[in-house]
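Below is one structure, written out as structure tokens; comments come after it.
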Amino acid sequence: MVPGGGEQEAALDRSLAVERRLRDVPPHDLPAALRSALAEHFGAEAVELLMADYALTELCQVSTLPYTNEPIPVEGTTPGDAFVAQAATFSRDGEKVTGYLPVSVRGDRLGVLAVTLPAEPEPPVWAELERFAEAVAHELFVADRDTDLYIQARRSSRLTLAAEMQWQLLPGRACTRPEFALGGQLEPAYAIYGDCFDWSASAQKLAVTLVNGMGQGAEAALLTNLAVNALRNARRAGVGLDAQAELADQAIYAHYSGAQHVAALLLQFDLGTGLVDVVDAGSPRLWRLRDGKAERVEFEEQLPLGSFEDTVYTTHRFQALDADRFVFVSDGVYDAVGPHGELYGDRELAQAVVVTADLPAAHVPGAMLRELSTRRHGGQAEDDAMVVCLDWFGPTPLPGRGNSAPVTAAR
């Protein structure tokens, strides 16, 4: 008999029992089911699910009624440290120990699971509980289809209607794969209206879209929703990047007759070669960090989507190299006005890209937007702002394909 085999089988049975209970309960009962299961199988004295708010600055306890519990700041707290570092942290009160375990799925950070045990367990127990936290993250993605409980818990105050529309439009706020890591953030998180990002990955391609709809409030959000869904519809039809832009352009023009338009930057990464196709239709800008140096990557800027009827768009191409970092910003960042009327220009943007070089992609947007807020000395933003960061780790060779390809450089 293998030494420790009995303990391993018992742990496996326990894990299966907990995960089965999570799958079997109604979506709104996930926290209660988790408390019951961890109390029964681990002797847990308290279990709390903390959701990260839209600004990624607070952790909000899941409760029946929204906005009723005091949020926990991410900065300077033990639960916040677990969320930022994406690693378990611990606090102790006598013999009792509380573990704060990241609740994340495919790189998207949702929150923290706090589990209080009567005494310090063996290390394998914490590893087991970390797996449960990951299982909870998967269940939360499914639960959001059927309940508002966790969506309400993500907000420490009410969202504007425009912000509600924009957040529901996003694919997530982070994503990781062997070839890349992505992170994005919108500000002001509770009153965003025109800026948006989108991404989608297959075995061969990664599509990244940055959108900046003109106007304010719900009207801007409606325009952006039309643009993003038109682009998704074209992408899912399997047409090329230039045709995607043209079909979205036609959809927007058909509705607004040129009175409203959408600035957009469309990119498609070939995951087998690192070649990137681009259509630049306006405002969002791209910065590249390579070998410690930040520089703006410029393309031939074409008309914003919806400006005129039957606009023809052209695709450009460049090569992503291993360890490249790409940072995308909307005009709410580079047109931000400082306290003395000066614009947040290229020099400041390049510096911000370099200063955040050691942060993971998911943390870069928040750090840059916080720096922007500091620059305004806490003043009210005149426009919403978007930052998306993409780390390119390197291509994954696909069967029958090499990794070399000709390069058409961007200027």
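Simple scheme: letters A, B, ... for chains in structure tokens order, numbers from 1 for residues in each chain, numbers from 1 for ligands in the order shown.
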Name the residues in contact with A:Ala137 at a cut-off of 9 Å, using only C-alpha atoms, excluding same-chain residues fewer than 6 positions from it; report them as a short mmCIF file (atom, residue, chain, number, x, y, z; two decimals) with C-alpha atoms, in the first residue's frame.
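Contents of the output file out21.cif:
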```
data_model
loop_
_atom_site.label_atom_id
_atom_site.label_comp_id
_atom_site.auth_asym_id
_atom_site.auth_seq_id
_atom_site.Cartn_x
_atom_site.Cartn_y
_atom_site.Cartn_z
CA VAL A 103 -10.80 33.93 -6.42
CA SER A 104 -9.66 34.10 -10.05
CA VAL A 105 -10.41 32.33 -13.31
CA ARG A 109 -9.40 38.51 -10.67
CA LEU A 110 -12.87 38.39 -9.12
CA GLY A 111 -12.16 38.66 -5.41
#
```
> So which residues touch stretch 291-302 of chain A within 8 Å, counting only C-alpha atoms, skipping near sequence neighbours fewer than 6 positions away, as number ranges by chain?
Replying inline: A: 279-282, 285, 313, 316, 350-351, 353-354, 357, 410-411
Closest pair table for stretch 306-374 of chain A residues within 9 Å of stretch 221-242 of chain A, only C-alpha atoms, as JSON lines:
```
{"residue": "A:Val312", "atom": "CA", "partner": "A:Asp242", "partner_atom": "CA", "distance": 7.9}
{"residue": "A:Tyr313", "atom": "CA", "partner": "A:Asp242", "partner_atom": "CA", "distance": 5.4}
{"residue": "A:Thr314", "atom": "CA", "partner": "A:Asp242", "partner_atom": "CA", "distance": 5.8}
{"residue": "A:Thr315", "atom": "CA", "partner": "A:Asp242", "partner_atom": "CA", "distance": 5.7}
```
> Using the chain letters and numbers from this document, which residues of stretch 61-269 of chain A does DSSP assign to helix (DSSP H, G or I), as a ChimeraX atom specification?
Replying inline: /A:78-85,123-143,149-153,161-169,217-236,241-256
Backbone-only DSSP, strand (DSSP E or B) members of stretch 72-187 of chain A, as a tab-separated table (two decimals) with C-alpha atoms, in the first residue's frame:
```tsv
chain	number	residue	atom	x	y	z
A	72	ILE	CA	-12.45	46.53	2.70
A	73	PRO	CA	-9.76	48.64	1.00
A	89	THR	CA	-2.16	35.64	2.74
A	90	PHE	CA	-2.88	34.91	6.41
A	91	SER	CA	-3.85	36.61	9.65
A	92	ARG	CA	-3.87	35.03	13.13
A	93	ASP	CA	-5.92	35.61	16.26
A	96	LYS	CA	-7.28	30.76	14.95
A	97	VAL	CA	-5.95	31.47	11.49
A	98	THR	CA	-7.72	33.10	8.55
A	99	GLY	CA	-6.53	32.43	5.03
A	100	TYR	CA	-7.34	34.89	2.25
A	101	LEU	CA	-7.39	32.98	-1.03
A	102	PRO	CA	-7.59	34.61	-4.51
A	103	VAL	CA	-10.80	33.93	-6.42
A	104	SER	CA	-9.66	34.10	-10.05
A	105	VAL	CA	-10.41	32.33	-13.31
A	108	ASP	CA	-9.50	37.43	-14.33
A	109	ARG	CA	-9.40	38.51	-10.67
A	110	LEU	CA	-12.87	38.39	-9.12
A	111	GLY	CA	-12.16	38.66	-5.41
A	112	VAL	CA	-10.98	36.81	-2.30
A	113	LEU	CA	-12.28	33.87	-0.25
A	114	ALA	CA	-11.69	34.29	3.49
A	115	VAL	CA	-11.64	31.02	5.48
A	116	THR	CA	-11.15	30.97	9.27
A	117	LEU	CA	-9.95	27.71	10.82
A	174	ALA	CA	-8.07	40.19	-17.47
A	175	CYS	CA	-7.17	37.06	-19.41
A	176	THR	CA	-4.05	34.87	-19.53
A	180	PHE	CA	-0.18	36.46	-23.75
A	181	ALA	CA	-1.63	38.19	-20.70
A	182	LEU	CA	-4.26	40.92	-20.93
A	183	GLY	CA	-5.66	43.44	-18.47
A	184	GLY	CA	-8.03	46.39	-18.91
A	185	GLN	CA	-9.70	49.05	-16.81
A	186	LEU	CA	-12.18	51.90	-17.34
A	187	GLU	CA	-12.44	55.11	-15.30
```
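Residues in contact with A:Ser156 at 8 Å, where only C-alpha atoms are counted and same-chain residues fewer than 3 positions away are skipped, are listed as Asp53, Glu58, Cys60, Tyr67, Pro71 and Ala153 of chain A.
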> What lies within 12 Å of A:His138 using only C-alpha atoms, ignoring chain neighbours under 4 positions off, as JSON, numbers by chain?
Replying inline: {"A": [19, 22, 23, 27, 30, 103, 104, 105, 106, 107, 108, 109, 110, 131, 132, 133, 134, 142, 143, 144]}
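Counting only C-alpha atoms, A:Leu210 has the following residues at most 7 Å away, ignoring those fewer than 5 positions along the same chain: Cys196, Phe197, Asp198, Ala264, Leu265, Leu266 and Pro284 of chain A.
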Can you write just those residues out, C-alpha atoms, as a PDB file, in the first residue's frame?
```pdb
ATOM      1  CA  CYS A 196     -14.770  50.154 -24.126  1.00  0.00           C
ATOM      2  CA  PHE A 197     -12.485  47.240 -24.951  1.00  0.00           C
ATOM      3  CA  ASP A 198     -13.113  43.749 -26.256  1.00  0.00           C
ATOM      4  CA  ALA A 264     -11.532  52.328 -32.872  1.00  0.00           C
ATOM      5  CA  LEU A 265      -8.290  50.375 -32.999  1.00  0.00           C
ATOM      6  CA  LEU A 266      -8.650  46.783 -34.211  1.00  0.00           C
ATOM      7  CA  PRO A 284      -7.017  54.907 -29.202  1.00  0.00           C
TER       8      PRO A 284
END
```
>> Please list as number ranges by chain every residue within 12 Å of A:Ala55, counting only C-alpha atoms and excluding residues in the same chain fewer than 3 positions away.
In response: A: 51-52, 58-60, 73-74, 110, 154-157, 159, 163, 167, 173, 184-192, 363, 365-367, 369-370
Output file for the selection above: C-alpha atoms, as a PDB file, in the first residue's frame:
```pdb
ATOM      1  CA  MET A  51     -15.833  40.573  -4.476  1.00  0.00           C
ATOM      2  CA  ALA A  52     -13.578  43.213  -6.039  1.00  0.00           C
ATOM      3  CA  GLU A  58     -12.252  47.736  -2.578  1.00  0.00           C
ATOM      4  CA  LEU A  59     -13.378  44.239  -1.624  1.00  0.00           C
ATOM      5  CA  CYS A  60     -17.104  43.980  -0.926  1.00  0.00           C
ATOM      6  CA  PRO A  73      -9.762  48.639   0.995  1.00  0.00           C
ATOM      7  CA  VAL A  74      -7.475  46.709  -1.325  1.00  0.00           C
ATOM      8  CA  LEU A 110     -12.871  38.393  -9.117  1.00  0.00           C
ATOM      9  CA  ARG A 154     -19.033  44.173  -7.001  1.00  0.00           C
ATOM     10  CA  ARG A 155     -20.222  47.743  -6.509  1.00  0.00           C
ATOM     11  CA  SER A 156     -19.786  49.848  -3.402  1.00  0.00           C
ATOM     12  CA  SER A 157     -22.221  52.455  -4.775  1.00  0.00           C
ATOM     13  CA  LEU A 159     -23.549  52.867 -11.231  1.00  0.00           C
ATOM     14  CA  ALA A 163     -21.688  52.610 -16.764  1.00  0.00           C
ATOM     15  CA  TRP A 167     -19.509  47.044 -17.840  1.00  0.00           C
ATOM     16  CA  ARG A 173     -10.954  42.607 -17.033  1.00  0.00           C
ATOM     17  CA  GLY A 184      -8.025  46.393 -18.910  1.00  0.00           C
ATOM     18  CA  GLN A 185      -9.697  49.053 -16.807  1.00  0.00           C
ATOM     19  CA  LEU A 186     -12.178  51.898 -17.343  1.00  0.00           C
ATOM     20  CA  GLU A 187     -12.443  55.106 -15.297  1.00  0.00           C
ATOM     21  CA  PRO A 188     -14.369  56.699 -13.713  1.00  0.00           C
ATOM     22  CA  ALA A 189     -15.538  53.160 -12.968  1.00  0.00           C
ATOM     23  CA  TYR A 190     -19.001  54.136 -11.721  1.00  0.00           C
ATOM     24  CA  ALA A 191     -19.710  56.737 -14.429  1.00  0.00           C
ATOM     25  CA  ILE A 192     -18.033  55.478 -17.613  1.00  0.00           C
ATOM     26  CA  HIS A 363      -2.256  45.557 -12.659  1.00  0.00           C
ATOM     27  CA  PRO A 365      -4.194  49.773 -16.201  1.00  0.00           C
ATOM     28  CA  GLY A 366      -5.207  50.497 -12.610  1.00  0.00           C
ATOM     29  CA  ALA A 367      -1.757  51.816 -11.726  1.00  0.00           C
ATOM     30  CA  LEU A 369      -5.197  55.449 -14.064  1.00  0.00           C
ATOM     31  CA  ARG A 370      -4.399  56.065 -10.387  1.00  0.00           C
TER      32      ARG A 370
END
```
